[in-house]
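Asker: So that we are looking at the same thing, I have put the structure below in structure tokens.
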Amino acid sequence: MRFIADVMLGKLARWLRILGYDVVYDPNAEDETLVALAVAEGRILLTKDRHLVERWRKKLRQNGYLLLTSDDWREQLKETISHFELDIQNHRMTRCPDCNGLLEEVPKESVRYKVPFFVFTVHDHFARCNQCGKVYWAGSHYERMNAALDELLSELQRGHLGNA
Ligand SMILES: [Zn+2]
């Protein structure tokens, strides 16, 4: 399942990428470009723009779309996860939140001069984005992201119980 997010959904795009989903996001893209890309690449459009959906509904139906209502990225993420029944456990941290590239594990020695000395000494596993080259490791930022996702997951589960 691949997505394209409209200009208002930058934070949602980042978090979906953190979950491992392929999300195109360009803050400068025009509506027409978004729709054309969705059609050309078979992507589901995530949008907050009701007019966009009304204007292009026919084209958007091909791959599907989700019209989000909340301004809060956490609510947007929860809505997207529930709507498409996304897997939020198994592909975390496999994609670069900055550019949508894929993360590839690289030998420790290859990042010696690319990460802070302290990080290099305490970590053994590193990954690099195959597009922008950014280096990632399982540090405190990673733990915070995982904790935020776990919290979200439990909120979702409570929500489902509440509706049952
Ligand atoms: Zn990247």
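We name chains A, B, ... following the order of the structure tokens; residues begin at 1 in each chain, and ligands are numbered from 1 as shown.
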Pick out the residues sitting within 10 Å of Asn28 of chain A, and hand them over as a PyMOL selection string; count only C-alpha atoms, and ignore anything fewer than 3 positions along from it in its own chain.

Answerer: chain A and resi 6-7+25+31+33

Asker: Please provide as JSON, numbers by chain all residues within 10 Å of Lys48 of chain A, with the sequence filter that same-chain residues fewer than 6 positions apart are discarded (counting only C-alpha atoms).

Answerer: {"A": [5, 6, 7, 8, 9, 66, 67, 68, 69, 70, 71, 76]}

Asker: Find the residues around Ser110 of chain A up to 12 Å (only C-alpha atoms counted), leave out those fewer than 3 positions away in its own chain, and share them as a JSON list (two decimals) with N, CA and C atoms, in the first residue's frame.

Answerer:
[["chain", "number", "residue", "atom", "x", "y", "z"],
["A", 105, "GLU", "N", 21.17, -1.51, 6.24],
["A", 105, "GLU", "CA", 22.18, -1.67, 7.27],
["A", 105, "GLU", "C", 23.57, -1.54, 6.67],
["A", 106, "VAL", "N", 24.43, -0.81, 7.36],
["A", 106, "VAL", "CA", 25.79, -0.60, 6.85],
["A", 106, "VAL", "C", 26.79, -1.00, 7.93],
["A", 107, "PRO", "N", 28.01, -1.40, 7.52],
["A", 107, "PRO", "CA", 29.03, -1.78, 8.51],
["A", 107, "PRO", "C", 29.37, -0.59, 9.41],
["A", 113, "TYR", "N", 33.16, 8.42, 10.69],
["A", 113, "TYR", "CA", 33.29, 9.89, 10.64],
["A", 113, "TYR", "C", 31.99, 10.59, 10.27],
["A", 114, "LYS", "N", 30.89, 9.82, 10.28],
["A", 114, "LYS", "CA", 29.60, 10.41, 9.89],
["A", 114, "LYS", "C", 28.67, 10.58, 11.08],
["A", 115, "VAL", "N", 29.04, 10.02, 12.21],
["A", 115, "VAL", "CA", 28.20, 10.16, 13.41],
["A", 115, "VAL", "C", 29.07, 10.69, 14.55],
["A", 120, "PHE", "N", 29.20, 6.57, 18.00],
["A", 120, "PHE", "CA", 29.98, 5.51, 17.38],
["A", 120, "PHE", "C", 30.49, 4.51, 18.42],
["A", 124, "ASP", "N", 26.41, -0.39, 17.79],
["A", 124, "ASP", "CA", 27.05, -1.32, 16.86],
["A", 124, "ASP", "C", 26.31, -1.44, 15.54],
["A", 125, "HIS", "N", 25.03, -1.06, 15.54],
["A", 125, "HIS", "CA", 24.24, -1.22, 14.33],
["A", 125, "HIS", "C", 23.84, 0.13, 13.75],
["A", 126, "PHE", "N", 24.10, 0.31, 12.49],
["A", 126, "PHE", "CA", 23.78, 1.56, 11.82],
["A", 126, "PHE", "C", 23.09, 1.27, 10.50],
["A", 127, "ALA", "N", 22.23, 2.21, 10.11],
["A", 127, "ALA", "CA", 21.57, 2.08, 8.81],
["A", 127, "ALA", "C", 21.72, 3.42, 8.08],
["A", 128, "ARG", "N", 21.76, 3.32, 6.76],
["A", 128, "ARG", "CA", 21.89, 4.55, 5.98],
["A", 128, "ARG", "C", 20.78, 4.60, 4.94],
["A", 133, "GLY", "N", 21.28, 9.54, 2.17],
["A", 133, "GLY", "CA", 22.54, 9.21, 2.83],
["A", 133, "GLY", "C", 22.56, 9.44, 4.33],
["A", 135, "VAL", "N", 22.40, 8.90, 8.19],
["A", 135, "VAL", "CA", 22.73, 7.70, 8.97],
["A", 135, "VAL", "C", 21.83, 7.63, 10.21]]

Asker: Could you list, as a list of chain:residue names, all residues that come within 9 Å of ligand 1? Count only C-alpha atoms and all ligand atoms.

Answerer: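 What falls inside 9 Å of ligand 1 is A:Arg95, A:Cys96, A:Pro97, A:Asp98, A:Cys99, A:Asn100, A:Gly101, A:Leu102, A:Leu103, A:Arg128, A:Cys129, A:Asn130, A:Gln131, A:Cys132, A:Gly133, A:Lys134, A:Val135.
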
Asker: Would you export the selected residues with C-alpha atoms as an mmCIF file, in the first residue's frame, please?

Answerer:
data_model
loop_
_atom_site.group_PDB
_atom_site.id
_atom_site.type_symbol
_atom_site.label_atom_id
_atom_site.label_comp_id
_atom_site.auth_asym_id
_atom_site.auth_seq_id
_atom_site.Cartn_x
_atom_site.Cartn_y
_atom_site.Cartn_z
ATOM 1 C CA ARG A 95 12.358 3.968 5.722
ATOM 2 C CA CYS A 96 13.816 7.469 5.992
ATOM 3 C CA PRO A 97 11.295 9.916 7.526
ATOM 4 C CA ASP A 98 13.007 12.811 5.736
ATOM 5 C CA CYS A 99 12.947 11.623 2.139
ATOM 6 C CA ASN A 100 11.060 8.288 1.885
ATOM 7 C CA GLY A 101 14.245 6.388 0.892
ATOM 8 C CA LEU A 102 14.892 2.880 2.212
ATOM 9 C CA LEU A 103 17.241 2.294 5.135
ATOM 10 C CA ARG A 128 21.893 4.549 5.975
ATOM 11 C CA CYS A 129 19.206 6.006 3.736
ATOM 12 C CA ASN A 130 19.730 4.835 0.164
ATOM 13 C CA GLN A 131 18.539 8.202 -1.154
ATOM 14 C CA CYS A 132 19.723 11.070 1.047
ATOM 15 C CA GLY A 133 22.537 9.210 2.829
ATOM 16 C CA LYS A 134 21.415 10.126 6.341
ATOM 17 C CA VAL A 135 22.728 7.699 8.974
#

Asker: Let me make sure I understand: among A:Asp49, A:Leu156, A:Met93, A:Phe117, which one has the smallest atom-to-atom distance to Glu143 of chain A if we use only C-alpha atoms?

Answerer: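 Ranking A:Asp49, A:Leu156, A:Met93, A:Phe117 by distance to Glu143 of chain A, first place goes to A:Met93.
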
Asker: I need the residues in segment 1-122 of chain A that are alpha helix (DSSP H) according to DSSP; give them as a ChimeraX atom specification.

Answerer: /A:10-18,31-41,50-61,73-84,117-122

Asker: Quick one: write out the picked residues with N, CA and C atoms as a CSV table (one decimal), in the first residue's frame?

Answerer:
chain,number,residue,atom,x,y,z
A,10,GLY,N,2.3,17.0,6.3
A,10,GLY,CA,3.8,16.7,6.4
A,10,GLY,C,4.1,15.8,7.6
A,11,LYS,N,3.5,16.1,8.7
A,11,LYS,CA,3.8,15.3,9.9
A,11,LYS,C,3.3,13.9,9.8
A,12,LEU,N,2.1,13.7,9.3
A,12,LEU,CA,1.5,12.4,9.0
A,12,LEU,C,2.4,11.6,8.1
A,13,ALA,N,2.9,12.3,7.0
A,13,ALA,CA,3.7,11.6,6.1
A,13,ALA,C,5.0,11.0,6.8
A,14,ARG,N,5.6,11.8,7.6
A,14,ARG,CA,6.8,11.4,8.3
A,14,ARG,C,6.5,10.1,9.2
A,15,TRP,N,5.4,10.2,9.9
A,15,TRP,CA,5.1,9.1,10.8
A,15,TRP,C,4.7,7.8,10.0
A,16,LEU,N,4.1,8.0,8.9
A,16,LEU,CA,3.8,6.8,8.1
A,16,LEU,C,5.1,6.2,7.6
A,17,ARG,N,6.0,7.0,7.2
A,17,ARG,CA,7.3,6.5,6.8
A,17,ARG,C,8.0,5.8,7.9
A,18,ILE,N,7.9,6.4,9.1
A,18,ILE,CA,8.5,5.7,10.3
A,18,ILE,C,8.0,4.3,10.5
A,31,ASP,N,-2.3,20.8,-6.5
A,31,ASP,CA,-3.3,19.7,-6.5
A,31,ASP,C,-3.2,18.8,-7.7
A,32,GLU,N,-3.1,19.4,-8.8
A,32,GLU,CA,-3.1,18.6,-10.1
A,32,GLU,C,-2.0,17.6,-10.1
A,33,THR,N,-0.8,18.1,-9.6
A,33,THR,CA,0.4,17.2,-9.6
A,33,THR,C,0.1,16.0,-8.6
A,34,LEU,N,-0.5,16.3,-7.5
A,34,LEU,CA,-0.8,15.3,-6.5
A,34,LEU,C,-1.6,14.2,-7.1
A,35,VAL,N,-2.7,14.7,-7.8
A,35,VAL,CA,-3.7,13.7,-8.4
A,35,VAL,C,-3.0,12.9,-9.5
A,36,ALA,N,-2.2,13.6,-10.3
A,36,ALA,CA,-1.5,12.9,-11.4
A,36,ALA,C,-0.6,11.9,-10.9
A,37,LEU,N,0.2,12.2,-9.9
A,37,LEU,CA,1.1,11.3,-9.3
A,37,LEU,C,0.4,10.1,-8.7
A,38,ALA,N,-0.7,10.3,-8.0
A,38,ALA,CA,-1.5,9.3,-7.4
A,38,ALA,C,-1.9,8.3,-8.4
A,39,VAL,N,-2.4,8.8,-9.6
A,39,VAL,CA,-2.9,7.9,-10.7
A,39,VAL,C,-1.7,7.2,-11.3
A,40,ALA,N,-0.6,7.9,-11.6
A,40,ALA,CA,0.5,7.3,-12.3
A,40,ALA,C,1.2,6.3,-11.5
A,41,GLU,N,1.3,6.5,-10.2
A,41,GLU,CA,2.0,5.5,-9.4
A,41,GLU,C,1.2,4.6,-8.5
A,50,ARG,N,-11.2,19.1,1.1
A,50,ARG,CA,-12.4,18.6,0.6
A,50,ARG,C,-12.7,19.0,-0.8
A,51,HIS,N,-12.3,20.2,-1.2
A,51,HIS,CA,-12.5,20.7,-2.5
A,51,HIS,C,-11.7,19.8,-3.5
A,52,LEU,N,-10.5,19.5,-3.1
A,52,LEU,CA,-9.6,18.7,-4.0
A,52,LEU,C,-10.3,17.4,-4.3
A,53,VAL,N,-10.9,16.8,-3.2
A,53,VAL,CA,-11.5,15.5,-3.4
A,53,VAL,C,-12.8,15.6,-4.3
A,54,GLU,N,-13.5,16.7,-4.1
A,54,GLU,CA,-14.8,16.9,-4.9
A,54,GLU,C,-14.4,17.1,-6.3
A,55,ARG,N,-13.4,17.8,-6.6
A,55,ARG,CA,-13.0,18.2,-7.9
A,55,ARG,C,-12.5,16.9,-8.7
A,56,TRP,N,-11.7,16.1,-8.0
A,56,TRP,CA,-11.0,15.0,-8.7
A,56,TRP,C,-11.5,13.6,-8.3
A,57,ARG,N,-12.7,13.6,-7.7
A,57,ARG,CA,-13.2,12.3,-7.1
A,57,ARG,C,-13.1,11.1,-8.1
A,58,LYS,N,-13.4,11.4,-9.3
A,58,LYS,CA,-13.4,10.3,-10.3
A,58,LYS,C,-12.0,9.7,-10.5
A,59,LYS,N,-11.0,10.5,-10.6
A,59,LYS,CA,-9.7,10.0,-10.8
A,59,LYS,C,-9.2,9.4,-9.5
A,60,LEU,N,-9.5,9.9,-8.4
A,60,LEU,CA,-9.0,9.5,-7.1
A,60,LEU,C,-9.6,8.1,-6.7
A,61,ARG,N,-10.8,7.8,-7.3
A,61,ARG,CA,-11.4,6.5,-7.0
A,61,ARG,C,-10.6,5.3,-7.4
A,73,TRP,N,-1.9,15.6,14.2
A,73,TRP,CA,-1.3,14.5,13.5
A,73,TRP,C,-1.5,13.2,14.1
A,74,ARG,N,-1.6,13.2,15.5
A,74,ARG,CA,-1.9,11.9,16.1
A,74,ARG,C,-3.2,11.3,15.7
A,75,GLU,N,-4.2,12.2,15.7
A,75,GLU,CA,-5.6,11.7,15.3
A,75,GLU,C,-5.6,11.3,13.8
A,76,GLN,N,-4.8,12.1,13.0
A,76,GLN,CA,-4.7,11.7,11.6
A,76,GLN,C,-4.1,10.4,11.4
A,77,LEU,N,-3.0,10.1,12.2
A,77,LEU,CA,-2.3,8.8,12.1
A,77,LEU,C,-3.2,7.7,12.5
A,78,LYS,N,-3.9,7.9,13.6
A,78,LYS,CA,-4.8,6.9,14.1
A,78,LYS,C,-5.9,6.5,13.1
A,79,GLU,N,-6.5,7.6,12.5
A,79,GLU,CA,-7.5,7.4,11.5
A,79,GLU,C,-7.0,6.7,10.3
A,80,THR,N,-5.8,7.0,9.8
A,80,THR,CA,-5.2,6.4,8.7
A,80,THR,C,-5.0,4.9,9.0
A,81,ILE,N,-4.4,4.6,10.1
A,81,ILE,CA,-4.1,3.2,10.5
A,81,ILE,C,-5.4,2.4,10.6
A,82,SER,N,-6.4,2.9,11.2
A,82,SER,CA,-7.7,2.2,11.3
A,82,SER,C,-8.3,2.0,10.0
A,83,HIS,N,-8.3,3.0,9.2
A,83,HIS,CA,-9.0,3.0,7.9
A,83,HIS,C,-8.4,1.9,7.0
A,84,PHE,N,-7.1,1.9,6.9
A,84,PHE,CA,-6.5,0.9,6.0
A,84,PHE,C,-5.9,-0.3,6.7
A,117,PHE,N,31.2,11.0,17.9
A,117,PHE,CA,32.1,10.0,18.5
A,117,PHE,C,31.4,9.1,19.5
A,118,PHE,N,30.6,9.8,20.4
A,118,PHE,CA,30.0,9.0,21.5
A,118,PHE,C,29.0,8.0,20.9
A,119,VAL,N,28.3,8.4,19.9
A,119,VAL,CA,27.3,7.5,19.2
A,119,VAL,C,28.1,6.3,18.6
A,120,PHE,N,29.2,6.6,18.0
A,120,PHE,CA,30.0,5.5,17.4
A,120,PHE,C,30.5,4.5,18.4
A,121,THR,N,30.9,5.0,19.6
A,121,THR,CA,31.4,4.1,20.6
A,121,THR,C,30.4,3.2,21.3
A,122,VAL,N,29.1,3.8,21.4
A,122,VAL,CA,28.1,3.0,22.2
A,122,VAL,C,27.2,2.1,21.3

Asker: Can you pull out every residue from segment 28-85 of chain A that DSSP, working from the backbone, puts in strand (DSSP E), and format the result as an MDAnalysis selection string?

Answerer: chainID A and resid 44:47 65:67

Asker: Based on the selection just made, write C-alpha atoms of those residues as a PDB file, in the first residue's frame.

Answerer:
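File produced: part-v4.pdb:
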ATOM      1  CA  ILE A  44      -3.719   6.389  -2.229  1.00  0.00           C
ATOM      2  CA  LEU A  45      -4.216  10.106  -1.627  1.00  0.00           C
ATOM      3  CA  LEU A  46      -4.294  11.333   1.966  1.00  0.00           C
ATOM      4  CA  THR A  47      -5.762  14.805   2.132  1.00  0.00           C
ATOM      5  CA  TYR A  65      -8.255   8.299  -0.962  1.00  0.00           C
ATOM      6  CA  LEU A  66      -8.857   9.272   2.621  1.00  0.00           C
ATOM      7  CA  LEU A  67     -10.269  12.655   3.555  1.00  0.00           C
TER       8      LEU A  67
END

Asker: Between atom CA of Phe3 of chain A and atom CA of Arg43 of chain A, what is the distance in Å, rounded to a tenth?

Answerer: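 Separating atom CA of Phe3 of chain A from atom CA of Arg43 of chain A is a distance of 4.7 Å.
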
Asker: Looking at only C-alpha atoms, which of A:Asp150, A:Glu109, A:Asp87, A:Glu104 is the one that sits closest to Gly20 of chain A?

Answerer: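 Counting only C-alpha atoms, the residue closest to Gly20 of chain A is A:Asp87.
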
Asker: Can you work out the spacing between atom CA of Val111 of chain A and atom CA of Ala147 of chain A in Å, to one decimal?

Answerer: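 Pair atom CA of Val111 of chain A / atom CA of Ala147 of chain A returns 26.2 Å.
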